[in-house]
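This report concerns only the one structure given below.
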Amino acid sequence: MKEGITMNFETKVIHGGIQEDPATGAVVPPIYQTSTYHQQELGGNAEYEYTRGENPTRFAVESVMAALENGKYGFAFSSGMAAIHAVMSVLHAGDHLVMGNDVYGGTFRLVNSVLADLGVTYTAVDTADSAAIEAAMQDNTKMVYLETPSNPLLHVTDIEQAASVAHAHDAIAVVDNTFASPYNQTPLDLGADVVLASGTKYLGGHSDTVSGFVVTSDETLADQIKMIQLSVGAVLSPQESFLVQRSLKTLALRVERHNENALALATWLNDHEKIQKVYYPGLPGTPDYEIAKRQMRGFGGMMSIELQEGLDTKQFVENLNVFQLAESLGGVESLIEVPAVMTHASIPREIRLENGIKDELVRVSVGVENLADLKDDLAQGLDAL
Ligand SMILES: Cc1ncc(COP(=O)(O)O)c(C=O)c1O
């Protein structure tokens with residue numbers, strides 16, 4: 001970002017971070033498709049040596065993400081899970097982690113299997129309840145890991161409150177910002193130490209790339225994450241870095257439309273006779289709404305719904321024309337899925353049910369299409385039941 005200039009988000013996506021090629025002035029940073037660099041002298045500590053460690057295209061998108069999340073250091077990974085793994089790798093055998101009880105299934109699997117095998121223990125709680133976080137803290141708790149809004153129940157955690165509980169116990173607070181995107185929420189401003197995201201979703205935004213990002217302002221944590229990125233090697237390729245940076249330029253425009261469409265559909269579905277429940281942080285009357293109103297700029301494009309008892313979920317999700325039955329979220333196209341069978345199938349059923357994720361829950365990623373077309377599609381799908 002240009003020194004000393006304050007920019008609003010819509011300007012930062014286009015002018016924040018490194019948005020031109022320092023070598024040529026090209027207004028679009030080129031794809032430096034190289035694995036290695038010619039070193040001018042032996043042992044000379046060149047700025048660029050090998051792409052796993054240094055690549056200008058990756059550095060560019062990392063700097064933009066750091067700017068958008070209001071942090072100092074950004075890191076790009078080959079997937080959201082690689083980003084989460086890198087952050088969790090700051091934990092060691094004997095450490096304990098407190099995390100949300102309705103986090104993304106892949107995150108649960110990483111903690112419950114890979115980290116558990118390495119000797120890291122965890123307690124899963126409803127992080128929307130700061131007393132529950134407090135009660136779960138142990139002498140060896142080193143991290144409080146939040147997803148807000150959460151996946152798939154869209155619960156909202158007060159980031160400021162959760163971070164202060166973590167800090168009172170000398171633990172770090174980490175927020176998965178995938179659902180909100182930095183347009184809707186900047187967790188570092190609310191006291192989080194690290195923010196991460198699956199870039200596969202809103203950041204990439206077109207369902208054509210897989211990526212992950214980590215941003216922090218803490219130099220020690222940044223050094224640790226850089227070391228893990230270099231050592232494990234799950235870096236974002238130059239091609240994918242270019243594509244995500246291209247997408248970020250329209251992040252504000254896209255998320256604004258996702259927000260508008262989702263709020264309108266959630267409000268309409270909430271009063272629909274064939275819908276039992278809508279989970280969306282933009283619906284007034286819940287604690288989630290009150291916190292979301294305070295800490296989010298918009299309520300996001302994600303919601304979950306439950307049909308009235310006895311209605312056939314399978315028939316509903318298979319018979320839509322605009323909404324596609326598919327995993328993932330955050331792309332321009334509207335998607336629909338059933339977490340118990342798809343995105344959250346890696347969580348054992350009894351744990352899913354314990355955490356309120358019913359077999360029939362339907363998760364909706366509202367795209368940026370024409371609102372009337374989206375509404376008509378859902379209406380015909382519901383009418384047919
Ligand atoms: C909230 C959240 N975090 C992390 C991930 C993992 O990201 P990726 O699929 O890019 O590895 C996902 C994937 O769906 C997600 O929904």
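In the structure tokens, chains take the letters A, B, ... in the order shown, each chain's residues start at 1, and ligands count up from 1 in the order shown.
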
Select from stretch 104-190 of chain A every residue with an atom at most 7 Å from any atom of stretch 84-96 of chain A, then for each give the shortest pair of atoms and their distance in Å to one decimal, using only C-alpha atoms, rows by chain and rising number, as JSON lines.
```
{"residue": "A:Leu118", "atom": "CA", "partner": "A:Ala93", "partner_atom": "CA", "distance": 5.9}
{"residue": "A:Gly119", "atom": "CA", "partner": "A:Ala93", "partner_atom": "CA", "distance": 4.3}
{"residue": "A:Val120", "atom": "CA", "partner": "A:Ala93", "partner_atom": "CA", "distance": 5.1}
{"residue": "A:Thr121", "atom": "CA", "partner": "A:His96", "partner_atom": "CA", "distance": 4.8}
{"residue": "A:Tyr122", "atom": "CA", "partner": "A:His96", "partner_atom": "CA", "distance": 5.3}
{"residue": "A:Asn140", "atom": "CA", "partner": "A:Asp95", "partner_atom": "CA", "distance": 5.3}
{"residue": "A:Thr141", "atom": "CA", "partner": "A:His96", "partner_atom": "CA", "distance": 4.3}
{"residue": "A:Lys142", "atom": "CA", "partner": "A:His96", "partner_atom": "CA", "distance": 6.0}
```

(message) Using only C-alpha atoms and all ligand atoms, which residues of the polymer chains come no farther than 10 Å from ligand 1? I'd like the answer as a PyMOL selection string.
(response) chain A and resi 77-85+102-107+146-152+175-180+196-201+204+209-213+327-330+343-344

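Contact shell of A:Glu354 at 12 Å (only C-alpha atoms; same-chain neighbours under 3 positions omitted): Asn101, Asp102, Ala124, Val125, Asp126, Ile347, Pro348, Arg349, Glu350, Ile351, Ile357, Lys358 and Asp359 of chain A.
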
Export all heavy atoms of the chosen residues as an mmCIF file, in the first residue's frame?
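Result file is result28.cif:
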```
data_model
loop_
_atom_site.group_PDB
_atom_site.id
_atom_site.type_symbol
_atom_site.label_atom_id
_atom_site.label_comp_id
_atom_site.auth_asym_id
_atom_site.auth_seq_id
_atom_site.Cartn_x
_atom_site.Cartn_y
_atom_site.Cartn_z
ATOM 1 N N ASN A 101 -17.532 -25.651 18.679
ATOM 2 C CA ASN A 101 -18.069 -27.009 18.494
ATOM 3 C C ASN A 101 -18.851 -27.171 17.186
ATOM 4 O O ASN A 101 -19.392 -28.230 16.929
ATOM 5 C CB ASN A 101 -18.906 -27.432 19.703
ATOM 6 C CG ASN A 101 -20.096 -26.507 19.928
ATOM 7 O OD1 ASN A 101 -20.383 -25.653 19.098
ATOM 8 N ND2 ASN A 101 -20.769 -26.674 21.047
ATOM 9 N N ASP A 102 -18.924 -26.135 16.377
ATOM 10 C CA ASP A 102 -19.480 -26.385 15.031
ATOM 11 C C ASP A 102 -18.567 -25.792 13.954
ATOM 12 O O ASP A 102 -19.014 -25.145 13.020
ATOM 13 C CB ASP A 102 -20.937 -25.919 14.892
ATOM 14 C CG ASP A 102 -21.106 -24.419 14.958
ATOM 15 O OD1 ASP A 102 -20.246 -23.764 15.559
ATOM 16 O OD2 ASP A 102 -22.098 -23.916 14.402
ATOM 17 N N ALA A 124 -13.946 -28.833 22.706
ATOM 18 C CA ALA A 124 -14.832 -28.113 21.788
ATOM 19 C C ALA A 124 -15.990 -27.525 22.583
ATOM 20 O O ALA A 124 -16.648 -28.247 23.342
ATOM 21 C CB ALA A 124 -15.346 -29.057 20.709
ATOM 22 N N VAL A 125 -16.214 -26.228 22.435
ATOM 23 C CA VAL A 125 -17.295 -25.571 23.175
ATOM 24 C C VAL A 125 -18.069 -24.639 22.247
ATOM 25 O O VAL A 125 -17.600 -24.322 21.148
ATOM 26 C CB VAL A 125 -16.746 -24.726 24.364
ATOM 27 C CG1 VAL A 125 -16.010 -25.595 25.367
ATOM 28 C CG2 VAL A 125 -15.855 -23.591 23.875
ATOM 29 N N ASP A 126 -19.202 -24.180 22.730
ATOM 30 C CA ASP A 126 -19.945 -23.145 22.010
ATOM 31 C C ASP A 126 -19.218 -21.828 22.298
ATOM 32 O O ASP A 126 -19.371 -21.242 23.371
ATOM 33 C CB ASP A 126 -21.385 -23.111 22.530
ATOM 34 C CG ASP A 126 -22.190 -21.982 21.913
ATOM 35 O OD1 ASP A 126 -21.659 -21.295 21.004
ATOM 36 O OD2 ASP A 126 -23.333 -21.779 22.343
ATOM 37 N N ILE A 347 -17.435 -35.576 10.598
ATOM 38 C CA ILE A 347 -17.698 -35.485 12.049
ATOM 39 C C ILE A 347 -18.645 -36.629 12.419
ATOM 40 O O ILE A 347 -19.701 -36.785 11.790
ATOM 41 C CB ILE A 347 -18.357 -34.134 12.404
ATOM 42 C CG1 ILE A 347 -17.455 -32.971 11.957
ATOM 43 C CG2 ILE A 347 -18.658 -34.029 13.900
ATOM 44 C CD1 ILE A 347 -18.050 -31.591 12.192
ATOM 45 N N PRO A 348 -18.298 -37.444 13.423
ATOM 46 C CA PRO A 348 -19.190 -38.546 13.808
ATOM 47 C C PRO A 348 -20.612 -38.043 14.093
ATOM 48 O O PRO A 348 -20.789 -36.963 14.668
ATOM 49 C CB PRO A 348 -18.538 -39.091 15.081
ATOM 50 C CG PRO A 348 -17.106 -38.674 14.998
ATOM 51 C CD PRO A 348 -17.077 -37.387 14.232
ATOM 52 N N ARG A 349 -21.618 -38.841 13.672
ATOM 53 C CA ARG A 349 -23.021 -38.393 13.736
ATOM 54 C C ARG A 349 -23.431 -37.949 15.132
ATOM 55 O O ARG A 349 -24.105 -36.936 15.308
ATOM 56 C CB ARG A 349 -23.934 -39.525 13.253
ATOM 57 C CG ARG A 349 -25.389 -39.138 13.211
ATOM 58 C CD ARG A 349 -26.246 -40.136 12.429
ATOM 59 N NE ARG A 349 -27.609 -39.655 12.329
ATOM 60 C CZ ARG A 349 -28.587 -40.010 13.168
ATOM 61 N NH1 ARG A 349 -28.334 -40.847 14.140
ATOM 62 N NH2 ARG A 349 -29.804 -39.523 13.017
ATOM 63 N N GLU A 350 -22.995 -38.715 16.159
ATOM 64 C CA GLU A 350 -23.454 -38.353 17.517
ATOM 65 C C GLU A 350 -22.904 -36.988 17.934
ATOM 66 O O GLU A 350 -23.572 -36.207 18.610
ATOM 67 C CB GLU A 350 -23.141 -39.451 18.542
ATOM 68 C CG GLU A 350 -21.683 -39.722 18.847
ATOM 69 C CD GLU A 350 -21.009 -40.646 17.822
ATOM 70 O OE1 GLU A 350 -21.623 -40.965 16.780
ATOM 71 O OE2 GLU A 350 -19.848 -41.031 18.061
ATOM 72 N N ILE A 351 -21.698 -36.664 17.480
ATOM 73 C CA ILE A 351 -21.130 -35.340 17.815
ATOM 74 C C ILE A 351 -21.868 -34.255 17.036
ATOM 75 O O ILE A 351 -22.187 -33.192 17.560
ATOM 76 C CB ILE A 351 -19.610 -35.294 17.527
ATOM 77 C CG1 ILE A 351 -18.889 -36.336 18.402
ATOM 78 C CG2 ILE A 351 -19.034 -33.901 17.764
ATOM 79 C CD1 ILE A 351 -17.387 -36.350 18.254
ATOM 80 N N ILE A 357 -26.305 -30.041 14.637
ATOM 81 C CA ILE A 357 -26.287 -30.186 13.175
ATOM 82 C C ILE A 357 -27.131 -31.402 12.811
ATOM 83 O O ILE A 357 -26.661 -32.540 12.829
ATOM 84 C CB ILE A 357 -24.834 -30.329 12.651
ATOM 85 C CG1 ILE A 357 -23.986 -29.149 13.135
ATOM 86 C CG2 ILE A 357 -24.825 -30.435 11.130
ATOM 87 C CD1 ILE A 357 -22.496 -29.319 12.920
ATOM 88 N N LYS A 358 -28.413 -31.138 12.513
ATOM 89 C CA LYS A 358 -29.338 -32.240 12.230
ATOM 90 C C LYS A 358 -29.033 -32.855 10.861
ATOM 91 O O LYS A 358 -28.472 -32.184 9.990
ATOM 92 C CB LYS A 358 -30.776 -31.727 12.246
ATOM 93 C CG LYS A 358 -31.197 -31.205 13.611
ATOM 94 C CD LYS A 358 -32.666 -30.845 13.600
ATOM 95 C CE LYS A 358 -33.022 -30.196 14.933
ATOM 96 N NZ LYS A 358 -34.266 -29.448 14.870
ATOM 97 N N ASP A 359 -29.453 -34.111 10.682
ATOM 98 C CA ASP A 359 -29.232 -34.805 9.402
ATOM 99 C C ASP A 359 -29.876 -34.035 8.252
ATOM 100 O O ASP A 359 -29.411 -34.087 7.121
ATOM 101 C CB ASP A 359 -29.830 -36.214 9.445
ATOM 102 C CG ASP A 359 -29.048 -37.118 10.394
ATOM 103 O OD1 ASP A 359 -27.890 -36.782 10.712
ATOM 104 O OD2 ASP A 359 -29.608 -38.146 10.825
#
```

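Picture a line from atom CA of A:Ile133 to atom CA of A:Ala163; it runs 10.1 Å.
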
(request) Once DSSP has gone over the backbone, tell me which residues of stretch 18-241 of chain A are in strand (DSSP E), as a ChimeraX atom specification. (result) /A:73-77,96-100,121-125,141-147,172-176,194-198,212-216

Sorted per-residue table, stretch 93-196 of chain A near stretch 278-284 of chain A, closest atoms and distance, 8 Å, only C-alpha atoms, as a Markdown table:
```
| residue | atom | partner | partner_atom | distance |
| --- | --- | --- | --- | --- |
| A:Pro149 | CA | A:Pro281 | CA | 7.7 |
| A:Leu153 | CA | A:Tyr279 | CA | 6.2 |
| A:Leu154 | CA | A:Tyr280 | CA | 6.1 |
| A:His155 | CA | A:Pro281 | CA | 7.2 |
| A:Val156 | CA | A:Pro281 | CA | 7.1 |
```

Neighbouring residues of A:Tyr48 were defined as those with any atom within 10 Å, considering only C-alpha atoms; residues of the same chain fewer than 6 positions away were excluded. Please report them as a PDB file with all heavy atoms, in the first residue's frame.
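In the end it all went to part_10.pdb:
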```pdb
ATOM      1  N   THR A  36      13.056 -21.147  -9.551  1.00  0.00           N
ATOM      2  CA  THR A  36      14.317 -20.718  -8.944  1.00  0.00           C
ATOM      3  C   THR A  36      14.796 -19.410  -9.581  1.00  0.00           C
ATOM      4  O   THR A  36      14.172 -18.905 -10.519  1.00  0.00           O
ATOM      5  CB  THR A  36      15.376 -21.844  -9.055  1.00  0.00           C
ATOM      6  OG1 THR A  36      16.490 -21.514  -8.227  1.00  0.00           O
ATOM      7  CG2 THR A  36      15.810 -22.076 -10.484  1.00  0.00           C
ATOM      8  N   TYR A  37      15.834 -18.836  -9.035  1.00  0.00           N
ATOM      9  CA  TYR A  37      16.314 -17.513  -9.465  1.00  0.00           C
ATOM     10  C   TYR A  37      17.828 -17.551  -9.636  1.00  0.00           C
ATOM     11  O   TYR A  37      18.545 -18.187  -8.833  1.00  0.00           O
ATOM     12  CB  TYR A  37      15.948 -16.456  -8.404  1.00  0.00           C
ATOM     13  CG  TYR A  37      14.460 -16.436  -8.094  1.00  0.00           C
ATOM     14  CD1 TYR A  37      13.926 -17.310  -7.140  1.00  0.00           C
ATOM     15  CD2 TYR A  37      13.597 -15.572  -8.762  1.00  0.00           C
ATOM     16  CE1 TYR A  37      12.560 -17.311  -6.869  1.00  0.00           C
ATOM     17  CE2 TYR A  37      12.229 -15.573  -8.497  1.00  0.00           C
ATOM     18  CZ  TYR A  37      11.720 -16.450  -7.545  1.00  0.00           C
ATOM     19  OH  TYR A  37      10.371 -16.452  -7.288  1.00  0.00           O
ATOM     20  N   HIS A  38      18.309 -16.856 -10.634  1.00  0.00           N
ATOM     21  CA  HIS A  38      19.748 -16.770 -10.876  1.00  0.00           C
ATOM     22  C   HIS A  38      20.392 -15.948  -9.752  1.00  0.00           C
ATOM     23  O   HIS A  38      20.017 -14.801  -9.516  1.00  0.00           O
ATOM     24  CB  HIS A  38      19.976 -16.091 -12.234  1.00  0.00           C
ATOM     25  CG  HIS A  38      21.416 -15.944 -12.590  1.00  0.00           C
ATOM     26  ND1 HIS A  38      21.824 -15.208 -13.671  1.00  0.00           N
ATOM     27  CD2 HIS A  38      22.552 -16.438 -12.020  1.00  0.00           C
ATOM     28  CE1 HIS A  38      23.142 -15.248 -13.749  1.00  0.00           C
ATOM     29  NE2 HIS A  38      23.601 -15.976 -12.748  1.00  0.00           N
ATOM     30  N   GLN A  39      21.340 -16.541  -9.073  1.00  0.00           N
ATOM     31  CA  GLN A  39      22.013 -15.832  -7.971  1.00  0.00           C
ATOM     32  C   GLN A  39      23.319 -15.238  -8.497  1.00  0.00           C
ATOM     33  O   GLN A  39      24.112 -15.924  -9.131  1.00  0.00           O
ATOM     34  CB  GLN A  39      22.259 -16.782  -6.805  1.00  0.00           C
ATOM     35  CG  GLN A  39      20.928 -17.329  -6.266  1.00  0.00           C
ATOM     36  CD  GLN A  39      21.071 -18.133  -4.989  1.00  0.00           C
ATOM     37  OE1 GLN A  39      21.952 -17.877  -4.177  1.00  0.00           O
ATOM     38  NE2 GLN A  39      20.188 -19.110  -4.833  1.00  0.00           N
ATOM     39  N   GLU A  54      10.301 -17.778  -1.735  1.00  0.00           N
ATOM     40  CA  GLU A  54      10.043 -16.411  -2.223  1.00  0.00           C
ATOM     41  C   GLU A  54       9.509 -16.438  -3.653  1.00  0.00           C
ATOM     42  O   GLU A  54      10.102 -17.071  -4.519  1.00  0.00           O
ATOM     43  CB  GLU A  54      11.346 -15.578  -2.245  1.00  0.00           C
ATOM     44  CG  GLU A  54      12.165 -15.587  -0.968  1.00  0.00           C
ATOM     45  CD  GLU A  54      13.144 -16.765  -0.909  1.00  0.00           C
ATOM     46  OE1 GLU A  54      13.580 -17.239  -1.977  1.00  0.00           O
ATOM     47  OE2 GLU A  54      13.455 -17.242   0.193  1.00  0.00           O
ATOM     48  N   ASN A  55       8.382 -15.775  -3.849  1.00  0.00           N
ATOM     49  CA  ASN A  55       7.882 -15.584  -5.209  1.00  0.00           C
ATOM     50  C   ASN A  55       7.141 -14.254  -5.270  1.00  0.00           C
ATOM     51  O   ASN A  55       6.253 -14.008  -4.453  1.00  0.00           O
ATOM     52  CB  ASN A  55       6.943 -16.736  -5.606  1.00  0.00           C
ATOM     53  CG  ASN A  55       6.482 -16.578  -7.036  1.00  0.00           C
ATOM     54  OD1 ASN A  55       5.543 -15.826  -7.314  1.00  0.00           O
ATOM     55  ND2 ASN A  55       7.139 -17.255  -7.966  1.00  0.00           N
ATOM     56  N   PRO A  56       7.494 -13.393  -6.225  1.00  0.00           N
ATOM     57  CA  PRO A  56       6.891 -12.051  -6.257  1.00  0.00           C
ATOM     58  C   PRO A  56       5.368 -12.069  -6.444  1.00  0.00           C
ATOM     59  O   PRO A  56       4.674 -11.214  -5.893  1.00  0.00           O
ATOM     60  CB  PRO A  56       7.562 -11.380  -7.460  1.00  0.00           C
ATOM     61  CG  PRO A  56       8.791 -12.163  -7.730  1.00  0.00           C
ATOM     62  CD  PRO A  56       8.515 -13.560  -7.276  1.00  0.00           C
TER      63      PRO A  56
END
```

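When atom CA of A:Asp376 is paired with atom CA of A:Val341, their separation reads 25.9 Å.
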
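Comparing A:Leu371, A:Leu311, A:Ala345, A:Ala116 by their smallest distance to A:Ala384, the closest is A:Leu311 (using only C-alpha atoms).
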
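Here atom CA of A:Val194 is placed at a distance of 7.7 Å from atom CA of A:Ser217.
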
(message) If we count only C-alpha atoms and set the cut-off at 10 Å, which residues sit around stretch 168-173 of chain A, ignoring sequence neighbours fewer than 6 positions away in its own chain? Please answer as a PyMOL selection string.
(response) chain A and resi 96-99+134+137-146+159-160+162+187-188+191-195+221

(request) Output as a ChimeraX atom specification all residues of stretch 60-237 of chain A that backbone DSSP marks as alpha helix (DSSP H). (result) /A:60-68,80-88,105-109,116-117,130-136,159-168,181-184,219-232

Polymer residues at most 9 Å from A:Met296, only C-alpha atoms, same-chain spacing of 2 or more positions, as a PDB file with N, CA and C atoms, in the first residue's frame:
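Contents of selection_6.pdb, freshly written:
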```
ATOM      1  N   ALA A 180     -17.127 -14.693   6.675  1.00  0.00           N
ATOM      2  CA  ALA A 180     -17.395 -13.253   6.649  1.00  0.00           C
ATOM      3  C   ALA A 180     -16.629 -12.561   5.529  1.00  0.00           C
ATOM      4  N   TYR A 183     -14.252  -8.073   4.054  1.00  0.00           N
ATOM      5  CA  TYR A 183     -15.205  -6.992   3.749  1.00  0.00           C
ATOM      6  C   TYR A 183     -16.198  -6.838   4.904  1.00  0.00           C
ATOM      7  N   ASN A 184     -16.640  -7.977   5.432  1.00  0.00           N
ATOM      8  CA  ASN A 184     -17.663  -7.935   6.486  1.00  0.00           C
ATOM      9  C   ASN A 184     -17.084  -7.848   7.890  1.00  0.00           C
ATOM     10  N   GLN A 185     -15.827  -8.260   8.062  1.00  0.00           N
ATOM     11  CA  GLN A 185     -15.309  -8.364   9.434  1.00  0.00           C
ATOM     12  C   GLN A 185     -13.781  -8.437   9.422  1.00  0.00           C
ATOM     13  N   THR A 186     -13.138  -7.657  10.291  1.00  0.00           N
ATOM     14  CA  THR A 186     -11.672  -7.713  10.405  1.00  0.00           C
ATOM     15  C   THR A 186     -11.293  -8.074  11.855  1.00  0.00           C
ATOM     16  N   ILE A 291     -24.661  -9.416  18.272  1.00  0.00           N
ATOM     17  CA  ILE A 291     -23.184  -9.381  18.167  1.00  0.00           C
ATOM     18  C   ILE A 291     -22.785  -9.056  16.728  1.00  0.00           C
ATOM     19  N   ALA A 292     -23.456  -9.705  15.768  1.00  0.00           N
ATOM     20  CA  ALA A 292     -23.126  -9.497  14.357  1.00  0.00           C
ATOM     21  C   ALA A 292     -23.280  -8.016  13.985  1.00  0.00           C
ATOM     22  N   LYS A 293     -24.340  -7.407  14.488  1.00  0.00           N
ATOM     23  CA  LYS A 293     -24.597  -5.997  14.184  1.00  0.00           C
ATOM     24  C   LYS A 293     -23.435  -5.120  14.660  1.00  0.00           C
ATOM     25  N   ARG A 294     -22.860  -5.524  15.778  1.00  0.00           N
ATOM     26  CA  ARG A 294     -21.752  -4.759  16.360  1.00  0.00           C
ATOM     27  C   ARG A 294     -20.437  -4.986  15.633  1.00  0.00           C
ATOM     28  N   GLY A 298     -21.569  -6.455   7.238  1.00  0.00           N
ATOM     29  CA  GLY A 298     -22.725  -7.071   6.575  1.00  0.00           C
ATOM     30  C   GLY A 298     -22.855  -8.468   7.153  1.00  0.00           C
ATOM     31  N   PHE A 299     -23.989  -9.139   6.897  1.00  0.00           N
ATOM     32  CA  PHE A 299     -24.224 -10.418   7.573  1.00  0.00           C
ATOM     33  C   PHE A 299     -23.763 -11.626   6.757  1.00  0.00           C
ATOM     34  N   GLY A 300     -23.271 -11.394   5.552  1.00  0.00           N
ATOM     35  CA  GLY A 300     -22.693 -12.477   4.772  1.00  0.00           C
ATOM     36  C   GLY A 300     -23.680 -13.169   3.858  1.00  0.00           C
TER      37      GLY A 300
END
```

10 Å contact set for A:Ser247, only C-alpha atoms, chain neighbours under 4 positions out, as an mmCIF file with all heavy atoms, in the first residue's frame:
```cif
data_model
loop_
_atom_site.group_PDB
_atom_site.id
_atom_site.type_symbol
_atom_site.label_atom_id
_atom_site.label_comp_id
_atom_site.auth_asym_id
_atom_site.auth_seq_id
_atom_site.Cartn_x
_atom_site.Cartn_y
_atom_site.Cartn_z
ATOM 1 N N VAL A 13 -8.824 -2.916 -1.999
ATOM 2 C CA VAL A 13 -8.789 -4.142 -2.808
ATOM 3 C C VAL A 13 -8.090 -3.888 -4.142
ATOM 4 O O VAL A 13 -7.562 -4.802 -4.767
ATOM 5 C CB VAL A 13 -10.198 -4.752 -3.061
ATOM 6 C CG1 VAL A 13 -10.784 -5.340 -1.807
ATOM 7 C CG2 VAL A 13 -11.149 -3.735 -3.679
ATOM 8 N N TYR A 202 -14.902 -16.827 -0.612
ATOM 9 C CA TYR A 202 -15.173 -15.472 -1.098
ATOM 10 C C TYR A 202 -13.944 -14.798 -1.708
ATOM 11 O O TYR A 202 -14.062 -13.989 -2.622
ATOM 12 C CB TYR A 202 -15.728 -14.598 0.029
ATOM 13 C CG TYR A 202 -17.109 -15.027 0.418
ATOM 14 C CD1 TYR A 202 -17.326 -15.814 1.544
ATOM 15 C CD2 TYR A 202 -18.204 -14.694 -0.378
ATOM 16 C CE1 TYR A 202 -18.601 -16.240 1.882
ATOM 17 C CE2 TYR A 202 -19.474 -15.122 -0.055
ATOM 18 C CZ TYR A 202 -19.665 -15.889 1.079
ATOM 19 O OH TYR A 202 -20.920 -16.318 1.393
ATOM 20 N N LEU A 203 -12.748 -15.102 -1.198
ATOM 21 C CA LEU A 203 -11.557 -14.395 -1.678
ATOM 22 C C LEU A 203 -11.311 -14.745 -3.143
ATOM 23 O O LEU A 203 -11.152 -13.866 -3.982
ATOM 24 C CB LEU A 203 -10.350 -14.725 -0.794
ATOM 25 C CG LEU A 203 -10.554 -14.473 0.712
ATOM 26 C CD1 LEU A 203 -9.349 -14.939 1.520
ATOM 27 C CD2 LEU A 203 -10.833 -12.996 0.981
ATOM 28 N N GLY A 204 -11.298 -16.036 -3.452
ATOM 29 C CA GLY A 204 -11.185 -16.486 -4.843
ATOM 30 C C GLY A 204 -12.485 -16.164 -5.587
ATOM 31 O O GLY A 204 -12.475 -15.669 -6.707
ATOM 32 N N GLY A 205 -13.597 -16.500 -4.961
ATOM 33 C CA GLY A 205 -14.912 -16.006 -5.363
ATOM 34 C C GLY A 205 -15.551 -16.582 -6.620
ATOM 35 O O GLY A 205 -16.679 -16.228 -6.935
ATOM 36 N N HIS A 206 -14.853 -17.424 -7.362
ATOM 37 C CA HIS A 206 -15.416 -17.913 -8.620
ATOM 38 C C HIS A 206 -15.383 -19.437 -8.712
ATOM 39 O O HIS A 206 -15.493 -20.009 -9.802
ATOM 40 C CB HIS A 206 -14.663 -17.302 -9.809
ATOM 41 C CG HIS A 206 -14.788 -15.811 -9.880
ATOM 42 N ND1 HIS A 206 -14.099 -14.964 -9.029
ATOM 43 C CD2 HIS A 206 -15.533 -15.010 -10.678
ATOM 44 C CE1 HIS A 206 -14.415 -13.707 -9.314
ATOM 45 N NE2 HIS A 206 -15.281 -13.713 -10.303
ATOM 46 N N SER A 241 -1.898 -17.567 -7.186
ATOM 47 C CA SER A 241 -1.729 -16.276 -6.511
ATOM 48 C C SER A 241 -2.272 -15.167 -7.401
ATOM 49 O O SER A 241 -2.980 -14.263 -6.955
ATOM 50 C CB SER A 241 -0.254 -16.003 -6.215
ATOM 51 O OG SER A 241 0.252 -16.969 -5.328
ATOM 52 N N PHE A 242 -1.949 -15.246 -8.673
ATOM 53 C CA PHE A 242 -2.418 -14.248 -9.646
ATOM 54 C C PHE A 242 -3.946 -14.240 -9.706
ATOM 55 O O PHE A 242 -4.585 -13.192 -9.671
ATOM 56 C CB PHE A 242 -1.832 -14.568 -11.026
ATOM 57 C CG PHE A 242 -2.396 -13.724 -12.127
ATOM 58 C CD1 PHE A 242 -1.880 -12.462 -12.387
ATOM 59 C CD2 PHE A 242 -3.462 -14.179 -12.890
ATOM 60 C CE1 PHE A 242 -2.418 -11.671 -13.404
ATOM 61 C CE2 PHE A 242 -4.004 -13.391 -13.896
ATOM 62 C CZ PHE A 242 -3.482 -12.135 -14.157
ATOM 63 N N LEU A 243 -4.529 -15.440 -9.773
ATOM 64 C CA LEU A 243 -5.990 -15.527 -9.904
ATOM 65 C C LEU A 243 -6.692 -14.963 -8.671
ATOM 66 O O LEU A 243 -7.694 -14.266 -8.779
ATOM 67 C CB LEU A 243 -6.412 -16.991 -10.133
ATOM 68 C CG LEU A 243 -6.168 -17.520 -11.541
ATOM 69 C CD1 LEU A 243 -6.424 -19.027 -11.601
ATOM 70 C CD2 LEU A 243 -7.066 -16.799 -12.553
ATOM 71 N N LEU A 251 -13.811 -8.064 -4.626
ATOM 72 C CA LEU A 251 -14.343 -8.638 -3.373
ATOM 73 C C LEU A 251 -15.444 -7.766 -2.772
ATOM 74 O O LEU A 251 -16.499 -8.262 -2.368
ATOM 75 C CB LEU A 251 -13.203 -8.840 -2.357
ATOM 76 C CG LEU A 251 -13.613 -9.480 -1.031
ATOM 77 C CD1 LEU A 251 -14.070 -10.922 -1.233
ATOM 78 C CD2 LEU A 251 -12.455 -9.457 -0.027
ATOM 79 N N ARG A 254 -18.641 -7.964 -4.881
ATOM 80 C CA ARG A 254 -19.285 -9.273 -4.778
ATOM 81 C C ARG A 254 -19.937 -9.474 -3.414
ATOM 82 O O ARG A 254 -21.095 -9.889 -3.316
ATOM 83 C CB ARG A 254 -18.262 -10.388 -5.056
ATOM 84 C CG ARG A 254 -17.870 -10.522 -6.527
ATOM 85 C CD ARG A 254 -16.948 -11.709 -6.776
ATOM 86 N NE ARG A 254 -15.578 -11.481 -6.342
ATOM 87 C CZ ARG A 254 -14.997 -12.053 -5.313
ATOM 88 N NH1 ARG A 254 -15.661 -12.912 -4.560
ATOM 89 N NH2 ARG A 254 -13.738 -11.797 -5.014
#
```
